[in-house]
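J.: Below is the file work_37.csv, which contains CSV, C-alpha atoms.
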```
chain,number,residue,atom,x,y,z
A,160,MET,CA,-0.1,-28.8,-45.5
A,161,ASN,CA,-2.8,-31.1,-47.0
A,162,ASN,CA,-2.3,-33.6,-44.2
A,163,ILE,CA,-2.8,-30.8,-41.6
A,164,LYS,CA,-6.0,-29.6,-43.3
A,165,ALA,CA,-7.3,-33.2,-43.5
A,166,PHE,CA,-6.5,-33.9,-39.9
A,167,PHE,CA,-8.4,-30.8,-38.6
A,168,ARG,CA,-11.2,-31.4,-41.1
A,169,ASN,CA,-11.7,-34.9,-39.7
A,170,VAL,CA,-11.7,-33.6,-36.1
A,171,TYR,CA,-14.2,-30.9,-37.1
A,172,ASN,CA,-16.5,-33.4,-38.7
A,173,MET,CA,-16.4,-35.6,-35.7
A,174,LEU,CA,-17.1,-32.8,-33.3
A,175,PHE,CA,-19.8,-31.0,-35.2
A,176,ARG,CA,-21.2,-33.1,-38.0
A,177,ASP,CA,-21.1,-36.6,-36.7
A,178,ASN,CA,-21.3,-35.4,-33.1
A,179,ARG,CA,-24.4,-37.4,-32.0
A,180,LEU,CA,-22.5,-40.8,-31.8
A,181,LEU,CA,-19.4,-39.1,-30.4
A,182,TRP,CA,-21.1,-37.3,-27.5
A,183,SER,CA,-23.4,-40.2,-26.6
A,184,LEU,CA,-20.3,-42.5,-26.4
A,185,ALA,CA,-18.5,-39.9,-24.4
A,186,VAL,CA,-21.4,-39.6,-21.9
A,187,ASN,CA,-21.6,-43.4,-21.7
A,188,ASP,CA,-17.8,-43.7,-21.1
A,189,PHE,CA,-18.1,-41.1,-18.3
A,190,LYS,CA,-20.9,-43.0,-16.6
A,191,THR,CA,-19.3,-46.4,-16.9
A,192,LYS,CA,-15.9,-45.3,-15.7
A,193,PHE,CA,-16.9,-45.8,-12.1
A,194,ALA,CA,-19.7,-48.3,-12.6
A,195,GLY,CA,-20.0,-50.8,-9.9
A,196,SER,CA,-18.5,-48.6,-7.1
A,197,TYR,CA,-20.9,-47.5,-4.4
A,198,PHE,CA,-20.3,-43.8,-4.8
A,199,GLY,CA,-20.1,-43.9,-8.6
A,200,ILE,CA,-18.8,-40.8,-10.4
A,201,ILE,CA,-18.3,-39.0,-7.1
A,202,TRP,CA,-14.8,-40.6,-7.1
A,203,ALA,CA,-14.0,-38.7,-10.2
A,204,PHE,CA,-14.2,-35.4,-8.2
A,205,VAL,CA,-13.1,-36.6,-4.8
A,206,GLN,CA,-9.7,-37.9,-5.8
A,207,PRO,CA,-8.5,-34.6,-7.5
A,208,ILE,CA,-9.8,-32.5,-4.6
A,209,CYS,CA,-7.9,-34.7,-2.1
A,210,THR,CA,-4.8,-34.3,-4.3
A,211,ILE,CA,-5.1,-30.5,-4.3
A,212,LEU,CA,-5.6,-30.5,-0.5
A,213,VAL,CA,-2.6,-32.8,0.1
A,214,PHE,CA,-0.2,-30.8,-2.0
A,215,TRP,CA,-1.5,-27.5,-0.6
A,216,PHE,CA,-0.9,-28.7,3.0
A,217,VAL,CA,2.7,-29.8,2.1
A,218,PHE,CA,3.6,-26.6,0.3
A,219,GLN,CA,1.7,-24.2,2.5
A,220,PHE,CA,2.7,-25.6,5.9
A,221,GLY,CA,5.7,-27.8,5.1
A,222,PHE,CA,7.6,-25.5,2.7
A,223,ARG,CA,6.0,-22.3,4.0
A,224,SER,CA,5.0,-21.2,0.5
A,225,GLN,CA,3.9,-17.6,0.4
A,226,ASP,CA,0.8,-16.1,-1.1
A,227,VAL,CA,1.2,-14.8,-4.6
A,228,GLY,CA,0.4,-11.1,-4.4
A,229,ASP,CA,-3.1,-10.7,-3.0
A,230,VAL,CA,-4.0,-14.3,-4.0
A,231,PRO,CA,-3.8,-17.1,-1.5
A,232,PHE,CA,-1.3,-19.8,-2.4
A,233,ILE,CA,-4.0,-22.4,-2.6
A,234,LEU,CA,-5.8,-20.5,-5.3
A,235,TRP,CA,-2.6,-19.9,-7.3
A,236,PHE,CA,-1.7,-23.6,-6.9
A,237,MET,CA,-5.2,-24.8,-7.8
A,238,THR,CA,-5.3,-22.7,-11.0
A,239,GLY,CA,-2.1,-24.4,-12.3
A,240,LEU,CA,-3.0,-28.0,-11.2
A,241,ILE,CA,-6.6,-28.1,-12.6
A,242,PRO,CA,-5.5,-28.0,-16.3
A,243,TRP,CA,-2.7,-30.5,-15.5
A,244,PHE,CA,-5.3,-32.9,-14.1
A,245,PHE,CA,-7.2,-32.8,-17.4
A,246,PHE,CA,-4.1,-33.1,-19.6
A,247,SER,CA,-2.7,-36.1,-17.8
A,248,ASP,CA,-6.0,-38.0,-17.5
A,249,ALA,CA,-7.2,-37.2,-21.0
A,250,TRP,CA,-3.9,-38.1,-22.6
A,251,ASN,CA,-3.7,-41.4,-20.7
A,252,GLY,CA,-7.3,-42.3,-21.5
A,253,ALA,CA,-7.0,-41.4,-25.1
A,254,THR,CA,-3.8,-43.2,-25.6
A,255,ASN,CA,-5.4,-46.5,-24.5
A,256,SER,CA,-8.7,-45.9,-26.3
A,257,PHE,CA,-8.0,-48.2,-29.3
A,258,ILE,CA,-7.0,-51.0,-27.0
A,259,GLU,CA,-10.0,-50.4,-24.6
A,260,TYR,CA,-12.4,-50.3,-27.5
A,261,SER,CA,-10.7,-53.0,-29.6
A,262,TYR,CA,-14.0,-54.6,-30.4
A,263,LEU,CA,-15.0,-51.4,-32.2
A,264,VAL,CA,-11.7,-51.1,-34.0
A,265,LYS,CA,-12.3,-54.4,-35.7
A,266,LYS,CA,-15.7,-53.2,-37.1
A,267,VAL,CA,-15.2,-52.2,-40.7
A,268,VAL,CA,-18.0,-49.6,-40.7
A,269,PHE,CA,-17.0,-47.9,-37.4
A,270,LYS,CA,-15.1,-44.6,-37.5
A,271,ILE,CA,-12.3,-45.5,-35.1
A,272,ASN,CA,-10.8,-42.1,-35.2
A,273,ILE,CA,-13.5,-40.9,-32.8
A,274,LEU,CA,-12.2,-43.2,-30.0
A,275,PRO,CA,-9.5,-40.9,-28.6
A,276,LEU,CA,-12.0,-38.0,-28.7
A,277,ILE,CA,-14.5,-40.1,-26.6
A,278,LYS,CA,-11.9,-40.3,-23.8
A,279,ILE,CA,-11.0,-36.6,-24.1
A,280,ILE,CA,-14.6,-35.4,-24.0
A,281,SER,CA,-15.3,-37.8,-21.1
A,282,THR,CA,-12.5,-36.2,-19.1
A,283,LEU,CA,-13.6,-32.7,-20.2
A,284,PHE,CA,-16.8,-33.1,-18.2
A,285,ILE,CA,-14.8,-33.4,-15.0
A,286,HIS,CA,-12.6,-30.5,-16.0
A,287,ILE,CA,-15.6,-28.3,-16.5
A,288,PHE,CA,-16.7,-29.1,-12.9
A,289,PHE,CA,-13.3,-28.1,-11.6
A,290,VAL,CA,-13.2,-24.9,-13.5
A,291,ILE,CA,-16.5,-24.0,-11.9
A,292,PHE,CA,-15.1,-25.1,-8.6
A,293,MET,CA,-12.2,-22.8,-9.2
A,294,PHE,CA,-14.5,-19.8,-9.9
A,295,VAL,CA,-16.5,-20.5,-6.7
A,296,SER,CA,-13.2,-20.8,-4.7
A,297,TYR,CA,-12.1,-17.4,-6.0
A,298,ALA,CA,-15.5,-15.8,-5.2
A,299,ILE,CA,-15.5,-17.3,-1.6
A,300,CYS,CA,-12.0,-15.7,-1.1
A,301,GLY,CA,-13.4,-12.4,-2.2
A,302,ILE,CA,-11.4,-12.2,-5.5
A,303,LYS,CA,-13.3,-10.5,-8.3
A,304,ILE,CA,-14.1,-12.6,-11.4
A,305,ASP,CA,-13.9,-10.3,-14.5
A,306,VAL,CA,-13.9,-10.6,-18.3
A,307,TYR,CA,-10.3,-11.9,-18.3
A,308,VAL,CA,-11.6,-15.3,-17.2
A,309,LEU,CA,-13.2,-15.7,-20.7
A,310,GLN,CA,-9.7,-16.5,-21.8
A,311,ILE,CA,-10.1,-19.9,-20.0
A,312,PHE,CA,-12.2,-21.0,-23.0
A,313,TYR,CA,-9.3,-20.1,-25.4
A,314,TYR,CA,-6.7,-21.9,-23.2
A,315,GLY,CA,-9.1,-24.8,-22.8
A,316,VAL,CA,-9.3,-25.1,-26.7
A,317,CYS,CA,-5.5,-25.0,-26.7
A,318,MET,CA,-5.3,-27.8,-24.2
A,319,VAL,CA,-7.9,-30.0,-25.9
A,320,THR,CA,-6.0,-29.5,-29.2
A,321,LEU,CA,-2.7,-30.4,-27.6
A,322,VAL,CA,-4.1,-33.6,-26.1
A,323,THR,CA,-5.8,-34.6,-29.3
A,324,VAL,CA,-2.7,-34.3,-31.5
A,325,LEU,CA,-0.6,-36.1,-28.9
A,326,SER,CA,-3.2,-38.9,-28.6
A,327,PHE,CA,-3.2,-39.5,-32.3
A,328,ILE,CA,0.6,-40.1,-32.0
A,329,THR,CA,0.6,-42.3,-28.9
A,330,ALA,CA,-2.7,-44.2,-29.4
A,331,PRO,CA,-1.6,-45.9,-32.6
A,332,LEU,CA,1.9,-46.5,-31.2
A,333,VAL,CA,0.8,-48.1,-28.0
A,334,ILE,CA,-1.0,-50.9,-30.0
A,335,PHE,CA,2.4,-52.0,-31.3
A,336,PHE,CA,4.5,-51.0,-28.3
A,337,LYS,CA,2.7,-51.7,-25.0
A,338,ASP,CA,5.6,-50.4,-22.9
A,339,LEU,CA,4.6,-46.9,-24.1
A,340,THR,CA,2.0,-46.7,-21.4
A,341,GLN,CA,4.6,-47.1,-18.6
A,342,ILE,CA,6.9,-44.6,-20.4
A,343,MET,CA,4.0,-42.1,-20.5
A,344,ASN,CA,3.4,-42.5,-16.8
A,345,ILE,CA,7.0,-41.6,-16.1
A,346,VAL,CA,6.9,-38.7,-18.5
A,347,LEU,CA,3.7,-37.4,-16.8
A,348,GLN,CA,5.2,-37.8,-13.4
A,349,PHE,CA,8.2,-35.8,-14.3
A,350,GLY,CA,6.1,-33.4,-16.4
A,351,MET,CA,4.1,-32.4,-13.4
A,352,TRP,CA,7.2,-31.1,-11.7
A,353,LEU,CA,8.9,-29.7,-14.8
A,354,THR,CA,5.7,-27.7,-15.6
A,355,PRO,CA,5.8,-24.8,-13.1
A,356,ILE,CA,2.6,-25.8,-11.3
A,357,MET,CA,3.9,-25.8,-7.7
A,358,TRP,CA,6.5,-23.1,-8.0
A,359,ASN,CA,6.9,-19.8,-9.8
A,360,ILE,CA,9.9,-19.7,-12.2
A,361,ASP,CA,9.6,-15.9,-12.5
A,362,THR,CA,10.5,-15.4,-8.8
A,363,MET,CA,13.2,-18.1,-8.6
A,364,ASN,CA,16.9,-17.4,-8.8
A,365,ILE,CA,17.5,-19.4,-12.0
A,366,SER,CA,19.2,-18.4,-15.2
A,367,LYS,CA,17.4,-17.1,-18.2
A,368,SER,CA,18.4,-20.1,-20.2
A,369,THR,CA,16.9,-22.4,-17.6
A,370,LYS,CA,13.6,-20.4,-17.7
A,371,PHE,CA,13.7,-20.7,-21.5
A,372,LEU,CA,14.0,-24.5,-21.3
A,373,PHE,CA,11.0,-24.7,-19.0
A,374,LYS,CA,8.9,-22.5,-21.3
A,375,LEU,CA,9.5,-25.0,-24.2
A,376,ASN,CA,7.0,-27.2,-22.5
A,377,PRO,CA,3.6,-26.6,-24.3
A,378,MET,CA,1.8,-27.1,-21.0
A,379,TYR,CA,3.6,-24.1,-19.5
A,380,TYR,CA,1.8,-21.9,-22.0
A,381,ILE,CA,-1.6,-23.4,-20.9
A,382,VAL,CA,-0.9,-23.3,-17.1
A,383,GLN,CA,0.4,-19.8,-17.3
A,384,GLY,CA,-2.6,-18.9,-19.4
A,385,TYR,CA,-5.0,-20.1,-16.8
A,386,ARG,CA,-3.1,-18.0,-14.2
A,387,ASP,CA,-3.0,-15.0,-16.6
A,388,SER,CA,-6.8,-15.2,-16.9
A,389,MET,CA,-7.5,-15.7,-13.2
A,390,ILE,CA,-4.7,-13.8,-11.4
A,391,TYR,CA,-2.4,-11.7,-13.5
A,392,LYS,CA,-5.0,-10.3,-15.9
A,393,ASN,CA,-2.9,-10.6,-19.0
A,394,LEU,CA,-4.4,-11.0,-22.4
A,395,PHE,CA,-3.0,-13.9,-24.5
A,396,TYR,CA,-1.8,-11.7,-27.3
A,397,HIS,CA,0.5,-9.8,-24.8
A,398,ASN,CA,2.6,-13.0,-24.8
A,399,ILE,CA,2.7,-13.2,-28.6
A,400,LYS,CA,6.0,-15.1,-28.8
A,401,GLN,CA,4.8,-17.9,-26.6
A,402,THR,CA,1.5,-18.0,-28.4
A,403,ILE,CA,3.2,-18.4,-31.8
A,404,TYR,CA,5.6,-21.0,-30.4
A,405,PHE,CA,2.7,-23.0,-29.0
A,406,TRP,CA,0.8,-23.2,-32.3
A,407,ILE,CA,4.0,-24.0,-34.2
A,408,VAL,CA,4.4,-27.0,-31.9
A,409,ILE,CA,0.8,-27.9,-32.5
A,410,ILE,CA,1.3,-27.8,-36.3
A,411,ILE,CA,4.5,-30.0,-36.1
A,412,LEU,CA,2.7,-32.5,-33.8
A,413,THR,CA,-0.3,-32.6,-36.2
A,414,VAL,CA,2.0,-33.5,-39.1
A,415,VAL,CA,3.6,-36.3,-37.1
A,416,ALA,CA,0.2,-37.5,-35.8
A,417,SER,CA,-1.3,-37.6,-39.3
A,418,TYR,CA,1.6,-39.5,-40.7
A,419,ILE,CA,1.8,-42.1,-37.8
A,420,TYR,CA,-2.0,-42.6,-37.8
A,421,LYS,CA,-2.3,-43.2,-41.5
A,422,LYS,CA,0.8,-45.5,-41.6
A,423,LEU,CA,-0.4,-47.7,-38.7
A,424,LYS,CA,-4.2,-47.7,-39.1
A,425,PRO,CA,-4.4,-50.5,-41.7
A,426,HIS,CA,-2.7,-52.8,-39.2
A,427,PHE,CA,-4.8,-52.1,-36.1
A,428,ALA,CA,-7.2,-55.0,-36.6
A,429,ASP,CA,-4.4,-57.5,-37.2
A,430,VAL,CA,-2.6,-56.6,-33.9
A,431,LEU,CA,-5.7,-56.2,-31.7
```
Written as structure tokens, that's how I'd like the structure from this file.
T.:
Amino acid sequence: MNNIKAFFRNVYNMLFRDNRLLWSLAVNDFKTKFAGSYFGIIWAFVQPICTILVFWFVFQFGFRSQDVGDVPFILWFMTGLIPWFFFSDAWNGATNSFIEYSYLVKKVVFKINILPLIKIISTLFIHIFFVIFMFVSYAICGIKIDVYVLQIFYYGVCMVTLVTVLSFITAPLVIFFKDLTQIMNIVLQFGMWLTPIMWNIDTMNISKSTKFLFKLNPMYYIVQGYRDSMIYKNLFYHNIKQTIYFWIVIIILTVVASYIYKKLKPHFADVL
């Protein structure tokens, strides 16, 4: 329990007490990510939009996917894919943060535990744009935006928390086991399909045990939460079992992350 409190206390201090350095580095990371390219940071937004359009075309016209209730399939699909974009990009970036900023890791006075958060916040800027893009898309299609959308902030916090604790597991490990990056790419590739983003498990003819297995994925809770906020108009406490399960997973991952980070941190500079 003390490890959990210490972990979240450190994250709190980095975000709110020592936030000036963190946020300035996150902004700089966001700006330099596409430095040297002619269109600059525009690529950060063009690529996900193209991905959405390609998948929409395949499922809407290829597989003849139907609208979900009164909501066009493209909006239902977009609402699930946007949080996945953030999760995959933020986790990948944060995992490699210690290696990318190895020159800072070797500095004795630098707080290296902010490095994964730099990548997460940098990716969060793009996510905020796509959430606004999602709101605009719903408005254009004539779908009313109501108070339920405020839950997006809650599910956003859930997603950032999940990425943070996962990053403090994988970021230390990848320093000593470089193949972890390739393994993560495979996990994320499968995860995109195993998280019901492009298909609705509630309308599919699959067994309850299979549905249960899909719901063990913490990202299912977040993706479904975005759709509950935008489409189904369900409050998060209506699905109390899934909410409790999600935060239990977070606590377990936090314990693991705290242990791994403290165990491996003294050896970072030697390996890097």
J.: Can you tell me how far atom CA of Pro242 of chain A sits from atom CA of His286 of chain A, in Å to one decimal?
T.: 7.5 Å
J.: Go through segment 258-358 of chain A residue by residue and, counting all atoms listed in the file, keep those with an atom at most 8 Å from segment 412-417 of chain A; for each kept residue give the shortest atom pair and its distance in Å to one decimal, ordered by chain and increasing number, as a Markdown table.
T.:
```
| residue | atom | partner | partner_atom | distance |
| --- | --- | --- | --- | --- |
| A:Val324 | CA | A:Thr413 | CA | 5.5 |
| A:Leu325 | CA | A:Leu412 | CA | 6.9 |
| A:Phe327 | CA | A:Ala416 | CA | 5.3 |
| A:Ile328 | CA | A:Ala416 | CA | 4.6 |
```
J.: For a quick check of understanding, using all atoms listed in the file, which of A:Ile403, A:Ile280, A:Val408, A:Leu321 has the smallest distance to Gly252 of chain A?
T.: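 Residue with the minimum atom-to-atom distance to Gly252 of chain A: A:Ile280.
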J.: Can I get the residues of segment 325-431 of chain A within 12 Å of segment 290-299 of chain A, each with the closest pair of atoms and their distance in Å to one decimal, using all atoms listed in the file, sorted chain first then ascending number, as a Markdown table?
T.:
```
| residue | atom | partner | partner_atom | distance |
| --- | --- | --- | --- | --- |
| A:Tyr385 | CA | A:Val290 | CA | 10.1 |
| A:Arg386 | CA | A:Met293 | CA | 11.4 |
| A:Ser388 | CA | A:Phe294 | CA | 11.4 |
| A:Met389 | CA | A:Tyr297 | CA | 8.7 |
| A:Ile390 | CA | A:Tyr297 | CA | 9.8 |
```
J.: Quick check, in Å to one decimal: how far apart do atom CA of Leu234 of chain A and atom CA of Gly301 of chain A lie?
T.: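 Spanning atom CA of Leu234 of chain A to atom CA of Gly301 of chain A is a straight-line distance of 11.5 Å.
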J.: If I take atom CA of Gln383 of chain A and atom CA of Phe312 of chain A, how far is one from the other in Å, to one decimal?
T.: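 Atom CA of Phe312 of chain A lies at a distance of 13.9 Å from atom CA of Gln383 of chain A.
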J.: Show me that you can extract segment 261-350 of chain A, keeping C-alpha atoms, and write it as an mmCIF file, in the first residue's frame.
T.:
```
data_model
loop_
_atom_site.group_PDB
_atom_site.id
_atom_site.type_symbol
_atom_site.label_atom_id
_atom_site.label_comp_id
_atom_site.auth_asym_id
_atom_site.auth_seq_id
_atom_site.Cartn_x
_atom_site.Cartn_y
_atom_site.Cartn_z
ATOM 1 C CA SER A 261 19.258 8.688 -22.332
ATOM 2 C CA TYR A 262 21.429 11.819 -22.027
ATOM 3 C CA LEU A 263 19.033 13.058 -19.314
ATOM 4 C CA VAL A 264 18.903 9.695 -17.551
ATOM 5 C CA LYS A 265 22.662 9.930 -16.949
ATOM 6 C CA LYS A 266 22.321 13.298 -15.234
ATOM 7 C CA VAL A 267 22.330 12.761 -11.476
ATOM 8 C CA VAL A 268 20.179 15.802 -10.652
ATOM 9 C CA PHE A 269 17.485 15.193 -13.275
ATOM 10 C CA LYS A 270 14.192 13.597 -12.230
ATOM 11 C CA ILE A 271 14.033 10.866 -14.838
ATOM 12 C CA ASN A 272 10.612 9.665 -13.696
ATOM 13 C CA ILE A 273 9.032 12.540 -15.644
ATOM 14 C CA LEU A 274 10.286 11.186 -18.985
ATOM 15 C CA PRO A 275 7.401 8.759 -19.657
ATOM 16 C CA LEU A 276 4.955 11.522 -18.695
ATOM 17 C CA ILE A 277 6.558 13.852 -21.245
ATOM 18 C CA LYS A 278 5.619 11.433 -24.022
ATOM 19 C CA ILE A 279 2.145 10.836 -22.614
ATOM 20 C CA ILE A 280 1.335 14.548 -22.366
ATOM 21 C CA SER A 281 2.822 15.174 -25.814
ATOM 22 C CA THR A 282 0.428 12.589 -27.242
ATOM 23 C CA LEU A 283 -2.416 14.018 -25.156
ATOM 24 C CA PHE A 284 -2.262 17.256 -27.177
ATOM 25 C CA ILE A 285 -3.172 15.288 -30.306
ATOM 26 C CA HIS A 286 -5.877 13.377 -28.472
ATOM 27 C CA ILE A 287 -7.547 16.600 -27.340
ATOM 28 C CA PHE A 288 -7.695 17.726 -30.969
ATOM 29 C CA PHE A 289 -9.400 14.486 -32.001
ATOM 30 C CA VAL A 290 -11.906 14.681 -29.148
ATOM 31 C CA ILE A 291 -12.873 18.154 -30.408
ATOM 32 C CA PHE A 292 -12.932 16.750 -33.956
ATOM 33 C CA MET A 293 -15.308 14.035 -32.696
ATOM 34 C CA PHE A 294 -17.618 16.600 -31.092
ATOM 35 C CA VAL A 295 -17.708 18.621 -34.317
ATOM 36 C CA SER A 296 -18.448 15.489 -36.364
ATOM 37 C CA TYR A 297 -21.407 14.630 -34.119
ATOM 38 C CA ALA A 298 -22.707 18.200 -34.383
ATOM 39 C CA ILE A 299 -22.418 18.158 -38.196
ATOM 40 C CA CYS A 300 -24.426 14.927 -38.293
ATOM 41 C CA GLY A 301 -27.110 16.576 -36.183
ATOM 42 C CA ILE A 302 -26.525 14.514 -33.039
ATOM 43 C CA LYS A 303 -27.045 16.489 -29.855
ATOM 44 C CA ILE A 304 -24.106 16.924 -27.487
ATOM 45 C CA ASP A 305 -25.352 16.809 -23.885
ATOM 46 C CA VAL A 306 -23.982 16.616 -20.342
ATOM 47 C CA TYR A 307 -23.089 12.936 -20.734
ATOM 48 C CA VAL A 308 -20.043 13.954 -22.782
ATOM 49 C CA LEU A 309 -18.479 15.342 -19.596
ATOM 50 C CA GLN A 310 -17.681 11.726 -18.752
ATOM 51 C CA ILE A 311 -15.049 11.880 -21.477
ATOM 52 C CA PHE A 312 -12.865 13.682 -18.923
ATOM 53 C CA TYR A 313 -13.273 10.794 -16.474
ATOM 54 C CA TYR A 314 -12.489 8.145 -19.074
ATOM 55 C CA GLY A 315 -9.599 10.281 -20.296
ATOM 56 C CA VAL A 316 -8.155 10.217 -16.764
ATOM 57 C CA CYS A 317 -8.659 6.442 -16.702
ATOM 58 C CA MET A 318 -6.783 6.100 -19.983
ATOM 59 C CA VAL A 319 -3.873 8.344 -18.938
ATOM 60 C CA THR A 320 -3.617 6.437 -15.655
ATOM 61 C CA LEU A 321 -3.562 3.090 -17.474
ATOM 62 C CA VAL A 322 -0.877 4.248 -19.903
ATOM 63 C CA THR A 323 1.200 5.715 -17.067
ATOM 64 C CA VAL A 324 1.306 2.562 -14.957
ATOM 65 C CA LEU A 325 1.955 0.371 -18.012
ATOM 66 C CA SER A 326 4.765 2.702 -19.105
ATOM 67 C CA PHE A 327 6.499 2.459 -15.732
ATOM 68 C CA ILE A 328 6.550 -1.301 -16.284
ATOM 69 C CA THR A 329 7.706 -1.391 -19.899
ATOM 70 C CA ALA A 330 10.006 1.677 -19.961
ATOM 71 C CA PRO A 331 12.463 0.222 -17.406
ATOM 72 C CA LEU A 332 12.252 -3.274 -18.931
ATOM 73 C CA VAL A 333 12.957 -2.180 -22.523
ATOM 74 C CA ILE A 334 16.341 -0.780 -21.445
ATOM 75 C CA PHE A 335 17.463 -4.296 -20.575
ATOM 76 C CA PHE A 336 15.350 -6.199 -23.096
ATOM 77 C CA LYS A 337 15.271 -4.328 -26.410
ATOM 78 C CA ASP A 338 13.026 -6.943 -28.055
ATOM 79 C CA LEU A 339 10.185 -5.708 -25.864
ATOM 80 C CA THR A 340 9.489 -2.937 -28.403
ATOM 81 C CA GLN A 341 8.756 -5.493 -31.124
ATOM 82 C CA ILE A 342 6.662 -7.572 -28.749
ATOM 83 C CA MET A 343 4.638 -4.487 -27.843
ATOM 84 C CA ASN A 344 3.998 -3.733 -31.520
ATOM 85 C CA ILE A 345 2.540 -7.213 -31.923
ATOM 86 C CA VAL A 346 0.481 -6.860 -28.734
ATOM 87 C CA LEU A 347 -0.917 -3.515 -29.913
ATOM 88 C CA GLN A 348 -1.670 -4.915 -33.359
ATOM 89 C CA PHE A 349 -3.678 -7.778 -31.869
ATOM 90 C CA GLY A 350 -5.093 -5.515 -29.161
#
```
